[in-house]
$ cat input28.cif   # mmCIF, C-alpha atoms and all ligand atoms
data_model
#
loop_
_atom_site.label_atom_id
_atom_site.label_comp_id
_atom_site.auth_asym_id
_atom_site.auth_seq_id
_atom_site.Cartn_x
_atom_site.Cartn_y
_atom_site.Cartn_z
CA MET A 1 62.60 -13.66 10.12
CA ALA A 2 60.31 -13.62 7.09
CA GLY A 3 58.68 -16.80 8.39
CA VAL A 4 57.92 -15.14 11.73
CA VAL A 5 56.41 -12.09 9.99
CA ILE A 6 54.20 -14.34 7.83
CA LEU A 7 53.15 -16.29 10.93
CA LEU A 8 52.31 -13.04 12.75
CA LEU A 9 50.33 -11.76 9.76
CA GLN A 10 48.44 -15.05 9.58
CA MET A 11 47.63 -14.87 13.30
CA LEU A 12 46.52 -11.27 12.96
CA SER A 13 44.24 -12.05 10.01
CA PHE A 14 42.84 -15.04 11.91
CA MET A 15 42.16 -12.82 14.93
CA PHE A 16 40.64 -10.14 12.72
CA ILE A 17 38.29 -12.62 11.02
CA THR A 18 37.35 -14.11 14.42
CA VAL A 19 36.56 -10.67 15.85
CA VAL A 20 34.49 -9.71 12.78
CA LEU A 21 32.55 -13.00 12.93
CA LEU A 22 32.05 -12.59 16.68
CA LEU A 23 30.75 -9.03 16.27
CA ALA A 24 28.47 -10.08 13.41
CA GLY A 25 27.18 -12.99 15.53
CA MET A 26 26.57 -10.68 18.49
CA ALA A 27 24.71 -8.19 16.26
CA VAL A 28 22.49 -11.00 14.96
CA VAL A 29 21.78 -12.32 18.48
CA TYR A 30 21.02 -8.77 19.70
CA GLN A 31 18.73 -8.00 16.75
CA CYS A 32 16.92 -11.35 16.69
CA TRP A 33 16.81 -12.24 20.36
CA VAL A 34 17.97 -9.69 22.96
CA TRP A 35 16.10 -6.67 21.54
CA PRO A 36 12.77 -8.49 20.87
CA VAL A 37 12.80 -10.15 24.33
CA GLY A 38 13.56 -6.78 25.99
CA ALA A 39 10.88 -5.03 23.92
CA ASN A 40 8.32 -7.68 24.86
CA GLN A 41 9.14 -7.26 28.54
CA ARG A 42 8.88 -3.45 28.32
CA LEU A 43 5.53 -3.73 26.50
CA LYS A 44 4.18 -6.13 29.12
CA LYS A 45 5.39 -3.84 31.91
CA ASN A 46 3.43 -0.99 30.30
CA GLY A 47 0.24 -3.04 30.25
CA PHE A 48 0.24 -4.29 26.64
CA SER A 49 -0.63 -7.93 26.31
CA GLY A 50 -1.08 -10.06 23.21
CA PRO A 51 -0.50 -13.52 21.75
CA PRO A 52 2.88 -14.84 22.95
CA PRO A 53 5.46 -14.71 20.12
CA VAL A 54 7.46 -17.79 19.19
CA PHE A 55 10.94 -17.34 17.71
CA PRO A 56 11.62 -16.84 14.77
CA LEU A 57 8.10 -16.38 13.29
CA GLY A 58 6.50 -14.37 16.09
CA ASN A 59 2.75 -14.95 15.57
CA ILE A 60 2.90 -15.62 11.81
CA LYS A 61 2.27 -19.36 12.29
CA GLU A 62 -1.01 -18.66 14.09
CA MET A 63 -1.97 -16.13 11.43
CA ILE A 64 -1.42 -18.67 8.67
CA LYS A 65 -3.35 -21.33 10.62
CA ASN A 66 -6.30 -18.99 11.17
CA ARG A 67 -6.28 -17.20 7.83
CA PRO A 68 -9.61 -16.74 5.97
CA ARG A 69 -10.80 -20.13 4.82
CA LYS A 70 -11.33 -20.69 1.15
CA THR A 71 -14.32 -22.93 0.83
CA MET A 72 -15.34 -22.66 -2.78
CA LYS A 73 -13.21 -23.57 -5.78
CA GLY A 74 -13.20 -20.87 -8.43
CA THR A 75 -15.21 -21.28 -11.55
CA LEU A 76 -13.67 -18.50 -13.57
CA ASN A 77 -11.29 -19.00 -16.46
CA ASP A 78 -8.40 -18.59 -14.08
CA GLU A 79 -8.24 -22.07 -12.63
CA SER A 80 -6.23 -20.99 -9.64
CA SER A 81 -8.88 -18.60 -8.41
CA GLU A 82 -10.59 -19.56 -5.21
CA TYR A 83 -13.22 -17.73 -3.29
CA LEU A 84 -13.94 -17.04 0.29
CA SER A 85 -17.07 -18.53 1.66
CA LEU A 86 -20.13 -16.78 0.28
CA ASN A 87 -21.48 -16.34 3.79
CA ILE A 88 -20.38 -12.75 3.66
CA SER A 89 -21.50 -10.43 6.42
CA HIS A 90 -20.80 -6.81 7.23
CA ASP A 91 -18.26 -8.09 9.67
CA ILE A 92 -15.43 -7.59 7.19
CA HIS A 93 -12.94 -7.54 10.03
CA SER A 94 -13.43 -11.12 11.14
CA THR A 95 -14.05 -12.31 7.56
CA VAL A 96 -10.72 -11.01 6.33
CA PHE A 97 -8.70 -11.06 9.55
CA PRO A 98 -10.06 -13.94 11.66
CA PHE A 99 -6.82 -14.07 13.67
CA PHE A 100 -7.11 -10.37 14.69
CA SER A 101 -10.72 -10.95 15.60
CA GLN A 102 -9.83 -13.87 17.87
CA TRP A 103 -6.96 -12.02 19.53
CA ARG A 104 -9.19 -9.03 20.04
CA GLN A 105 -11.69 -11.11 21.93
CA ARG A 106 -8.89 -12.50 24.06
CA TYR A 107 -6.72 -9.39 24.62
CA GLY A 108 -9.02 -6.40 24.05
CA LYS A 109 -9.11 -3.59 21.52
CA VAL A 110 -5.41 -2.75 21.83
CA PHE A 111 -2.81 -5.51 21.81
CA VAL A 112 0.65 -6.38 20.56
CA TYR A 113 1.31 -9.05 17.95
CA TRP A 114 4.60 -10.05 16.37
CA LEU A 115 5.63 -10.47 12.73
CA GLY A 116 8.89 -12.37 13.10
CA THR A 117 10.95 -10.43 15.61
CA GLU A 118 9.08 -7.14 15.06
CA PRO A 119 6.31 -6.06 17.43
CA PHE A 120 3.18 -4.37 15.99
CA LEU A 121 0.51 -2.55 17.93
CA TYR A 122 -3.04 -3.41 16.91
CA ILE A 123 -5.35 -0.48 17.71
CA GLY A 124 -9.10 -1.01 17.44
CA ASP A 125 -9.99 1.84 19.77
CA PRO A 126 -10.28 5.26 18.11
CA GLU A 127 -9.99 7.05 21.46
CA PHE A 128 -6.69 5.30 22.20
CA LEU A 129 -5.45 6.24 18.72
CA ASN A 130 -6.44 9.87 19.32
CA GLN A 131 -4.52 9.97 22.57
CA VAL A 132 -1.45 8.33 21.08
CA ALA A 133 -1.50 10.57 17.99
CA SER A 134 -1.81 13.73 20.06
CA GLY A 135 1.20 12.66 22.14
CA VAL A 136 3.42 12.09 19.09
CA VAL A 137 6.38 14.44 19.22
CA SER A 138 7.95 15.88 16.03
CA LYS A 139 5.75 13.75 13.77
CA ALA A 140 7.67 10.61 14.76
CA TRP A 141 4.82 8.20 14.01
CA GLY A 142 6.82 5.08 14.71
CA LYS A 143 6.33 3.58 11.26
CA PRO A 144 7.75 0.05 11.26
CA THR A 145 11.35 -0.05 10.07
CA VAL A 146 10.72 -3.55 8.77
CA PHE A 147 8.33 -2.18 6.12
CA LYS A 148 10.78 0.56 5.23
CA ARG A 149 13.35 -2.18 4.61
CA ASP A 150 11.21 -4.94 3.07
CA TRP A 151 9.07 -2.71 0.85
CA LYS A 152 11.90 -0.40 -0.20
CA SER A 153 11.57 -1.21 -3.90
CA LEU A 154 7.83 -0.44 -3.69
CA PHE A 155 7.74 2.82 -1.75
CA GLY A 156 11.37 3.92 -1.32
CA THR A 157 11.24 7.09 0.76
CA GLY A 158 7.67 7.92 -0.28
CA LEU A 159 5.26 9.74 2.02
CA ASN A 160 3.93 6.67 3.81
CA MET A 161 7.44 5.57 4.79
CA THR A 162 8.77 8.94 5.99
CA GLU A 163 8.57 10.55 9.41
CA GLY A 164 9.45 13.80 11.16
CA GLU A 165 10.69 16.78 9.15
CA ASP A 166 11.02 14.66 6.02
CA TRP A 167 7.34 13.73 6.21
CA ALA A 168 6.38 17.42 6.67
CA ARG A 169 8.48 18.44 3.65
CA HIS A 170 6.91 15.72 1.46
CA ARG A 171 3.39 16.67 2.64
CA HIS A 172 4.10 20.34 1.93
CA ILE A 173 4.83 19.57 -1.73
CA ILE A 174 2.23 16.82 -2.21
CA ALA A 175 -0.89 18.15 -0.45
CA PRO A 176 -1.64 20.90 -3.05
CA ALA A 177 -1.60 18.28 -5.85
CA PHE A 178 -4.67 16.67 -4.26
CA SER A 179 -6.72 19.89 -4.02
CA PRO A 180 -10.38 19.59 -5.14
CA LYS A 181 -9.57 21.78 -8.16
CA ASN A 182 -6.83 19.43 -9.32
CA LEU A 183 -8.90 16.31 -8.63
CA LYS A 184 -11.75 17.84 -10.62
CA GLY A 185 -9.36 18.20 -13.56
CA MET A 186 -8.64 14.46 -13.38
CA MET A 187 -12.24 13.34 -13.30
CA SER A 188 -12.61 12.97 -17.08
CA ILE A 189 -9.70 10.49 -17.05
CA MET A 190 -11.41 8.47 -14.32
CA LEU A 191 -14.73 8.50 -16.16
CA ASP A 192 -13.18 7.52 -19.53
CA SER A 193 -11.34 4.52 -18.08
CA THR A 194 -14.34 3.37 -16.05
CA ASN A 195 -16.74 3.75 -18.98
CA GLN A 196 -14.41 1.64 -21.13
CA MET A 197 -14.47 -1.06 -18.46
CA LEU A 198 -18.26 -0.92 -18.18
CA ASP A 199 -18.65 -1.11 -21.98
CA LYS A 200 -16.48 -4.22 -21.94
CA TRP A 201 -18.67 -5.74 -19.21
CA SER A 202 -21.81 -4.93 -21.21
CA ARG A 203 -20.36 -6.65 -24.27
CA LEU A 204 -19.45 -9.70 -22.18
CA VAL A 205 -22.90 -9.86 -20.63
CA GLY A 206 -24.33 -9.80 -24.14
CA THR A 207 -22.35 -12.90 -25.18
CA ASN A 208 -23.96 -15.41 -22.82
CA ARG A 209 -20.46 -16.12 -21.52
CA ALA A 210 -21.05 -13.57 -18.86
CA GLU A 211 -18.42 -14.54 -16.36
CA ILE A 212 -16.62 -11.43 -15.26
CA ASN A 213 -13.77 -11.24 -12.78
CA VAL A 214 -15.00 -8.01 -11.26
CA GLU A 215 -12.19 -7.58 -8.75
CA ARG A 216 -9.51 -8.05 -11.40
CA SER A 217 -11.25 -5.66 -13.80
CA LEU A 218 -11.50 -3.05 -11.07
CA THR A 219 -7.82 -3.45 -10.18
CA CYS A 220 -6.80 -3.01 -13.85
CA ASN A 221 -9.09 0.01 -14.09
CA ALA A 222 -7.65 1.55 -10.91
CA ALA A 223 -4.10 0.91 -12.20
CA ASP A 224 -4.96 2.57 -15.51
CA ILE A 225 -6.47 5.59 -13.75
CA ILE A 226 -3.58 6.03 -11.32
CA ALA A 227 -1.02 5.67 -14.12
CA LYS A 228 -2.81 8.27 -16.26
CA THR A 229 -3.40 10.67 -13.38
CA SER A 230 0.23 10.28 -12.28
CA PHE A 231 2.02 10.55 -15.61
CA GLY A 232 -0.53 12.09 -17.99
CA THR A 233 -2.41 10.55 -20.86
CA SER A 234 0.23 11.09 -23.54
CA ASP A 235 2.84 8.48 -24.37
CA LEU A 236 0.82 5.33 -23.90
CA GLN A 237 3.81 3.05 -24.47
CA HIS A 238 5.99 4.54 -21.77
CA ARG A 239 3.09 4.60 -19.29
CA GLN A 240 2.14 1.00 -20.04
CA LYS A 241 5.72 -0.12 -19.54
CA VAL A 242 5.86 1.58 -16.11
CA THR A 243 2.44 0.17 -15.12
CA GLU A 244 3.31 -3.41 -16.14
CA LYS A 245 6.56 -3.31 -14.20
CA LEU A 246 4.90 -1.76 -11.15
CA GLN A 247 2.29 -4.51 -11.13
CA ALA A 248 4.94 -7.19 -11.64
CA ILE A 249 7.09 -5.99 -8.75
CA GLN A 250 4.06 -5.70 -6.48
CA LEU A 251 3.07 -9.29 -7.20
CA MET A 252 6.61 -10.53 -6.81
CA LEU A 253 7.10 -8.83 -3.46
CA PHE A 254 3.75 -9.99 -2.13
CA GLN A 255 4.67 -13.55 -3.07
CA SER A 256 8.21 -13.46 -1.76
CA LYS A 257 7.83 -11.24 1.32
CA ARG A 258 5.16 -13.11 3.19
CA MET A 259 7.52 -13.62 6.11
CA VAL A 260 7.65 -9.93 7.01
CA GLY A 261 9.80 -9.33 10.08
CA VAL A 262 11.36 -12.81 10.09
CA PRO A 263 15.16 -12.55 10.33
CA PHE A 264 16.95 -13.13 7.01
CA ASN A 265 13.65 -13.43 5.15
CA LYS A 266 15.27 -12.07 2.01
CA TYR A 267 17.22 -15.33 1.75
CA ILE A 268 14.02 -17.41 1.69
CA HIS A 269 13.46 -16.44 -1.95
CA PRO A 270 16.90 -15.16 -3.01
CA LEU A 271 16.12 -15.21 -6.73
CA LYS A 272 12.87 -13.30 -6.33
CA THR A 273 14.63 -10.80 -4.04
CA LEU A 274 17.31 -10.20 -6.68
CA GLU A 275 14.74 -10.06 -9.46
CA SER A 276 12.59 -7.54 -7.58
CA ARG A 277 15.64 -5.34 -6.97
CA LYS A 278 16.41 -5.41 -10.68
CA LEU A 279 12.79 -4.63 -11.53
CA GLY A 280 12.75 -1.84 -8.93
CA LYS A 281 15.80 -0.28 -10.56
CA GLU A 282 14.19 -0.50 -14.01
CA ILE A 283 11.04 1.23 -12.73
CA ASP A 284 13.09 3.95 -11.05
CA ASP A 285 15.02 4.53 -14.29
CA LEU A 286 11.81 4.73 -16.35
CA ILE A 287 10.18 7.27 -14.02
CA LEU A 288 13.42 9.21 -13.66
CA ALA A 289 13.62 9.40 -17.46
CA ILE A 290 10.15 10.99 -17.53
CA ILE A 291 11.19 13.53 -14.88
CA ILE A 292 14.45 14.44 -16.60
CA SER A 293 12.74 14.64 -19.94
CA ARG A 294 10.08 16.99 -18.53
CA LYS A 295 12.74 19.12 -16.90
CA THR A 296 14.67 19.48 -20.11
CA GLY A 297 11.50 20.03 -22.17
CA GLY A 298 12.00 16.91 -24.29
CA ARG A 299 9.63 14.85 -26.37
CA SER A 300 6.27 13.28 -25.63
CA THR A 301 7.10 11.84 -22.18
CA SER A 302 8.27 15.27 -21.25
CA ARG A 303 5.17 17.24 -22.17
CA PRO A 304 5.51 19.59 -19.21
CA ALA A 305 2.24 21.28 -18.38
CA GLY A 306 -0.76 19.05 -17.80
CA ASN A 307 -2.40 18.44 -14.49
CA ASP A 308 -1.06 14.98 -13.85
CA LEU A 309 0.30 14.39 -10.36
CA LEU A 310 3.95 14.34 -11.46
CA SER A 311 3.57 17.71 -13.24
CA LEU A 312 1.85 19.16 -10.19
CA LEU A 313 4.61 17.98 -7.86
CA MET A 314 7.29 19.31 -10.19
CA ALA A 315 5.49 22.67 -10.43
CA GLU A 316 5.19 22.84 -6.63
CA ASN A 317 8.90 22.04 -6.40
CA GLU A 318 9.71 24.99 -8.63
CA LYS A 319 7.63 27.49 -6.64
CA ASN A 320 9.62 30.37 -5.13
CA GLY A 321 12.28 29.76 -7.75
CA GLY A 322 12.81 26.22 -6.54
CA VAL A 323 14.23 27.49 -3.26
CA GLY A 324 13.13 26.06 0.09
CA LYS A 325 11.23 22.84 0.71
CA LYS A 326 11.76 20.63 -2.32
CA LEU A 327 11.70 16.99 -3.32
CA THR A 328 14.77 15.54 -4.99
CA ASP A 329 14.32 13.64 -8.27
CA ARG A 330 14.76 10.40 -6.34
CA GLU A 331 11.98 11.42 -3.94
CA LEU A 332 9.72 12.37 -6.87
CA VAL A 333 10.24 8.86 -8.27
CA ASP A 334 9.35 7.35 -4.89
CA GLU A 335 6.21 9.46 -4.58
CA CYS A 336 4.99 8.34 -8.02
CA LYS A 337 5.45 4.72 -6.92
CA THR A 338 3.71 5.48 -3.62
CA PHE A 339 0.65 6.88 -5.44
CA PHE A 340 0.50 3.73 -7.50
CA PHE A 341 0.87 1.22 -4.68
CA GLY A 342 -1.17 3.32 -2.24
CA GLY A 343 -3.95 4.03 -4.69
CA VAL A 344 -4.60 0.92 -6.79
CA GLU A 345 -5.42 -1.98 -4.46
CA THR A 346 -7.09 0.26 -1.87
CA THR A 347 -9.61 1.82 -4.24
CA ALA A 348 -10.15 -1.39 -6.24
CA LEU A 349 -10.87 -3.41 -3.10
CA ALA A 350 -13.13 -0.72 -1.62
CA VAL A 351 -15.21 -0.67 -4.82
CA SER A 352 -15.20 -4.49 -5.08
CA TRP A 353 -16.50 -4.80 -1.51
CA THR A 354 -19.14 -2.12 -2.13
CA LEU A 355 -20.34 -3.88 -5.29
CA LEU A 356 -20.44 -7.20 -3.46
CA LEU A 357 -22.60 -5.73 -0.71
CA LEU A 358 -24.84 -4.02 -3.27
CA ALA A 359 -25.22 -7.34 -5.08
CA GLN A 360 -26.29 -8.91 -1.79
CA HIS A 361 -28.76 -6.11 -1.04
CA PRO A 362 -30.90 -5.30 -4.09
CA ASP A 363 -32.91 -2.78 -2.03
CA TRP A 364 -29.79 -0.60 -1.59
CA GLN A 365 -28.99 -1.01 -5.27
CA LYS A 366 -32.43 0.24 -6.15
CA ARG A 367 -32.25 3.24 -3.84
CA LEU A 368 -28.80 4.26 -5.06
CA GLY A 369 -29.78 3.71 -8.70
CA GLU A 370 -32.82 5.94 -8.30
CA GLU A 371 -30.80 8.69 -6.68
CA ILE A 372 -28.07 8.59 -9.32
CA LYS A 373 -30.71 8.91 -12.04
CA GLU A 374 -32.35 11.78 -10.18
CA VAL A 375 -29.08 13.70 -9.72
CA THR A 376 -27.56 13.07 -13.14
CA GLY A 377 -30.82 13.29 -15.09
CA GLY A 378 -29.51 10.39 -17.19
CA GLN A 379 -26.36 12.35 -18.17
CA SER A 380 -22.92 11.16 -17.25
CA LEU A 381 -21.72 11.96 -13.77
CA ASP A 382 -19.59 15.05 -13.22
CA PHE A 383 -17.61 16.40 -10.29
CA ASN A 384 -20.24 18.96 -9.21
CA MET A 385 -22.88 16.25 -8.90
CA LEU A 386 -20.94 14.28 -6.29
CA PRO A 387 -22.00 16.31 -3.22
CA LYS A 388 -25.63 15.93 -4.30
CA LEU A 389 -25.50 12.16 -3.96
CA GLU A 390 -26.91 12.21 -0.46
CA LYS A 391 -27.72 8.52 -0.25
CA ARG A 392 -24.07 8.07 0.48
CA ALA A 393 -25.59 8.63 3.91
CA ILE A 394 -26.74 5.02 3.59
CA HIS A 395 -23.10 4.10 3.52
CA ARG A 396 -22.45 6.26 6.55
CA SER A 397 -25.21 4.68 8.61
CA GLU A 398 -24.20 1.22 7.41
CA ALA A 399 -20.61 2.13 8.16
CA SER A 400 -21.53 2.76 11.78
CA ALA A 401 -23.18 -0.66 11.80
CA VAL A 402 -19.92 -2.11 10.50
CA ALA A 403 -17.95 -0.07 13.03
CA SER A 404 -20.03 -1.51 15.87
CA TYR A 405 -18.63 -4.94 15.01
CA MET A 406 -15.09 -3.60 15.41
C1 LIG A 501 -10.27 3.54 -0.69
C2 LIG A 501 -9.09 3.97 -0.97
C3 LIG A 501 -7.96 4.20 0.01
C4 LIG A 501 -7.79 3.73 1.27
C5 LIG A 501 -8.72 2.81 2.07
C6 LIG A 501 -6.53 4.25 1.75
C7 LIG A 501 -6.01 3.99 3.00
C8 LIG A 501 -4.89 4.61 3.52
C9 LIG A 501 -4.37 4.42 4.87
C10 LIG A 501 -4.99 3.53 5.94
C11 LIG A 501 -3.27 5.18 5.00
C12 LIG A 501 -2.38 5.30 6.23
C13 LIG A 501 -1.23 4.34 6.06
C14 LIG A 501 -0.17 4.49 7.13
O1 LIG A 501 0.10 5.60 7.61
O2 LIG A 501 0.45 3.47 7.47
C15 LIG A 501 -3.05 5.84 3.72
C16 LIG A 501 -2.00 6.70 3.46
C17 LIG A 501 -1.71 7.17 2.21
N1 LIG A 501 -2.43 6.97 1.05
FE1 LIG A 501 -4.21 6.05 0.93
N2 LIG A 501 -5.95 5.00 0.76
C18 LIG A 501 -6.78 5.01 -0.32
C19 LIG A 501 -6.56 5.64 -1.54
C20 LIG A 501 -5.41 6.31 -1.88
C21 LIG A 501 -5.13 6.89 -3.18
C22 LIG A 501 -6.08 6.84 -4.39
C23 LIG A 501 -3.89 7.44 -3.11
C24 LIG A 501 -3.08 8.17 -4.16
C25 LIG A 501 -3.33 8.30 -5.40
C26 LIG A 501 -3.39 7.23 -1.76
C27 LIG A 501 -2.18 7.65 -1.31
C28 LIG A 501 -1.79 7.61 0.02
C29 LIG A 501 -0.58 8.24 0.53
C30 LIG A 501 0.43 9.05 -0.28
C31 LIG A 501 -0.53 7.97 1.90
C32 LIG A 501 0.51 8.44 2.93
C33 LIG A 501 -0.05 9.68 3.62
C34 LIG A 501 0.87 10.24 4.69
O3 LIG A 501 1.62 9.48 5.31
O4 LIG A 501 0.81 11.45 4.93
N3 LIG A 501 -4.34 6.54 -1.06
N4 LIG A 501 -4.06 5.47 2.86
#

$ encode --input "input28.cif" --output "structure tokens" --more "lines below"
Ligand code: HEM
Amino acid sequence: MAGVVILLLQMLSFMFITVVLLLAGMAVVYQCWVWPVGANQRLKKNGFSGPPPVFPLGNIKEMIKNRPRKTMKGTLNDESSEYLSLNISHDIHSTVFPFFSQWRQRYGKVFVYWLGTEPFLYIGDPEFLNQVASGVVSKAWGKPTVFKRDWKSLFGTGLNMTEGEDWARHRHIIAPAFSPKNLKGMMSIMLDSTNQMLDKWSRLVGTNRAEINVERSLTCNAADIIAKTSFGTSDLQHRQKVTEKLQAIQLMLFQSKRMVGVPFNKYIHPLKTLESRKLGKEIDDLILAIIISRKTGGRSTSRPAGNDLLSLLMAENEKNGGVGKKLTDRELVDECKTFFFGGVETTALAVSWTLLLLAQHPDWQKRLGEEIKEVTGGQSLDFNMLPKLEKRAIHRSEASAVASYM
């Protein structure tokens, strides 16, 4: 009798394992094959064309094949640095994204391309974007789930990953922090950091070893500014620790998550995936410690007041006695990370590109230089002077020239 029971139990467990494996296999086939094929057919039926995807990479192989060509070996101290061809034009789009440029010529200003098994809509037509955006119901923007999953340790549930009511609640708390009055209060931090960087450049230029990695300096400067404007200028050590870890995790994820959208991509670099999770947890704990410390009125990290972004968000959270739309501590952590990752590379690259173009066009440099002198009278720049810098109009007219390429 006991033997029969054991046999039955064995059969049942075998059946159970088989069913679980079968279901898991079906889920994988659905996710990696059935859904993408169906989605591609639906997109085609609705008039969206694009480069044909090839399983499992989608169009990533073509993107790698046609990526920007590096034609000049770097000469800076960093031996690994390489540069794009110096034949730089205003056509930043086809310089940086040659594959998009080629597809655009072939498929038009709106087309679908695939990262792994995830479809993405490329929109190069502002009118189309306007129409789509006005038809979006309940703020469901359709942000790619693959980014929400793959970049979780970077952004968590920060503003750029949320949708619908959650997005509206986050915006409600965050928008006031970026008011002109608050930004004005942060300007001295921005000026101090940038002046320190410029002083360093001047010293380097004076040494005859004037090789400066401008892009890297600007990225460090942007990171310094965002860290100070996010967490305040007190407690250098704590801030530096957070900044270093944020930069480390960003680098790690960019290196290990190149295969965005490819099924099981997290197993391509399992160690890096584990390491980035660990690092993500450490960052969360560090930022959470600042929040808790501020809430409980603790030591230096806690210094409540101040007009840093975290203080402003926490103050907004406490409005109306903390009742109503609020961010949880976890969401506050994610927003701090979002400011960092959303604000560092973007601003650093925009300034790098501007400086590069100015270096190529000494006439613009001269005109801007003259205007800055005229507006500032040789004093350092302040917030009220910014609207008087009208030659930014040069950028606007040049921007329309750039836009005409797109
Ligand atoms: C030149 C500089 C910048 C550029 C080109 C830029 C570009 C963008 C773009 C294209 C988006 C839309 C992303 C999407 O919805 O998928 C975005 C959103 C966002 N950016 Fe920036 N950004 C810049 C600077 C900054 C800075 C300095 C911060 C913060 C300190 C920041 C924080 C954010 C946030 C929080 C969002 C999400 C907004 C929302 O979904 O409502 N950005 N940015």

$ residues_around --input "input28.cif" --residues "Ser380 of chain A" --least-positions-apart "6" --cutoff "12 Å" --atoms "only C-alpha atoms" --output "PyMOL selection string"
chain A and resi 187-188+191-192+194-195+372-374+386

$ closest_atom_pairs --input "input28.cif" --of "chain A" --to "ligand LIG 501 (chain A)" --cutoff "9 Å" --atoms "all atoms listed in the file" --output "JSON lines"
{"residue": "A:Trp141", "atom": "CA", "partner": "A:LIG501", "partner_atom": "O1", "distance": 8.4}
{"residue": "A:Lys143", "atom": "CA", "partner": "A:LIG501", "partner_atom": "O2", "distance": 7.0}
{"residue": "A:Pro144", "atom": "CA", "partner": "A:LIG501", "partner_atom": "O2", "distance": 8.9}
{"residue": "A:Gly158", "atom": "CA", "partner": "A:LIG501", "partner_atom": "C30", "distance": 7.3}
{"residue": "A:Leu159", "atom": "CA", "partner": "A:LIG501", "partner_atom": "O3", "distance": 4.9}
{"residue": "A:Asn160", "atom": "CA", "partner": "A:LIG501", "partner_atom": "O3", "distance": 3.9}
{"residue": "A:Met161", "atom": "CA", "partner": "A:LIG501", "partner_atom": "O3", "distance": 7.0}
{"residue": "A:Thr162", "atom": "CA", "partner": "A:LIG501", "partner_atom": "O3", "distance": 7.2}
{"residue": "A:Glu163", "atom": "CA", "partner": "A:LIG501", "partner_atom": "O3", "distance": 8.1}
{"residue": "A:Trp167", "atom": "CA", "partner": "A:LIG501", "partner_atom": "O4", "distance": 7.0}
{"residue": "A:Ala168", "atom": "CA", "partner": "A:LIG501", "partner_atom": "O4", "distance": 8.3}
{"residue": "A:His170", "atom": "CA", "partner": "A:LIG501", "partner_atom": "O4", "distance": 8.2}
{"residue": "A:Arg171", "atom": "CA", "partner": "A:LIG501", "partner_atom": "O4", "distance": 6.3}
{"residue": "A:Ile174", "atom": "CA", "partner": "A:LIG501", "partner_atom": "C30", "distance": 8.2}
{"residue": "A:Ala175", "atom": "CA", "partner": "A:LIG501", "partner_atom": "O4", "distance": 8.8}
{"residue": "A:Phe178", "atom": "CA", "partner": "A:LIG501", "partner_atom": "C25", "distance": 8.6}
{"residue": "A:Ala222", "atom": "CA", "partner": "A:LIG501", "partner_atom": "C22", "distance": 8.5}
{"residue": "A:Ile226", "atom": "CA", "partner": "A:LIG501", "partner_atom": "C25", "distance": 6.3}
{"residue": "A:Thr229", "atom": "CA", "partner": "A:LIG501", "partner_atom": "C25", "distance": 8.3}
{"residue": "A:Ser230", "atom": "CA", "partner": "A:LIG501", "partner_atom": "C25", "distance": 8.0}
{"residue": "A:Leu309", "atom": "CA", "partner": "A:LIG501", "partner_atom": "C25", "distance": 8.7}
{"residue": "A:Glu335", "atom": "CA", "partner": "A:LIG501", "partner_atom": "C30", "distance": 7.2}
{"residue": "A:Cys336", "atom": "CA", "partner": "A:LIG501", "partner_atom": "C25", "distance": 8.7}
{"residue": "A:Thr338", "atom": "CA", "partner": "A:LIG501", "partner_atom": "C30", "distance": 5.9}
{"residue": "A:Phe339", "atom": "CA", "partner": "A:LIG501", "partner_atom": "C24", "distance": 4.1}
{"residue": "A:Phe340", "atom": "CA", "partner": "A:LIG501", "partner_atom": "C25", "distance": 6.3}
{"residue": "A:Phe341", "atom": "CA", "partner": "A:LIG501", "partner_atom": "C27", "distance": 7.9}
{"residue": "A:Gly342", "atom": "CA", "partner": "A:LIG501", "partner_atom": "C26", "distance": 4.5}
{"residue": "A:Gly343", "atom": "CA", "partner": "A:LIG501", "partner_atom": "C21", "distance": 3.4}
{"residue": "A:Val344", "atom": "CA", "partner": "A:LIG501", "partner_atom": "C22", "distance": 6.6}
{"residue": "A:Glu345", "atom": "CA", "partner": "A:LIG501", "partner_atom": "C2", "distance": 7.8}
{"residue": "A:Thr346", "atom": "CA", "partner": "A:LIG501", "partner_atom": "C2", "distance": 4.3}
{"residue": "A:Thr347", "atom": "CA", "partner": "A:LIG501", "partner_atom": "C2", "distance": 3.9}
{"residue": "A:Ala348", "atom": "CA", "partner": "A:LIG501", "partner_atom": "C1", "distance": 7.4}
{"residue": "A:Leu349", "atom": "CA", "partner": "A:LIG501", "partner_atom": "C1", "distance": 7.4}
{"residue": "A:Ala350", "atom": "CA", "partner": "A:LIG501", "partner_atom": "C1", "distance": 5.2}
{"residue": "A:Val351", "atom": "CA", "partner": "A:LIG501", "partner_atom": "C1", "distance": 7.7}

$ closest_residue --input "input28.cif" --among "A:Arg216, A:Lys366, A:His172, A:Arg209" --to "Asn317 of chain A" --atoms "all atoms listed in the file"
A:His172

$ atom_distance --input "input28.cif" --atom1 "atom CA of Trp35 of chain A" --atom2 "atom CA of Ala140 of chain A"
20.4 Å

$ atom_distance --input "input28.cif" --atom1 "atom CA of Asp334 of chain A" --atom2 "atom CA of Gly164 of chain A"
17.3 Å

$ residues_around --input "input28.cif" --residues "Gln250 of chain A" --least-positions-apart "3" --cutoff "9 Å" --atoms "all atoms listed in the file" --output "list of chain:residue names"
A:Leu154, A:Lys245, A:Leu246, A:Gln247, A:Leu253, A:Phe254, A:Gln255, A:Ser276, A:Phe341

$ atom_distance --input "input28.cif" --atom1 "atom CA of Leu115 of chain A" --atom2 "atom CA of Val136 of chain A"
23.5 Å
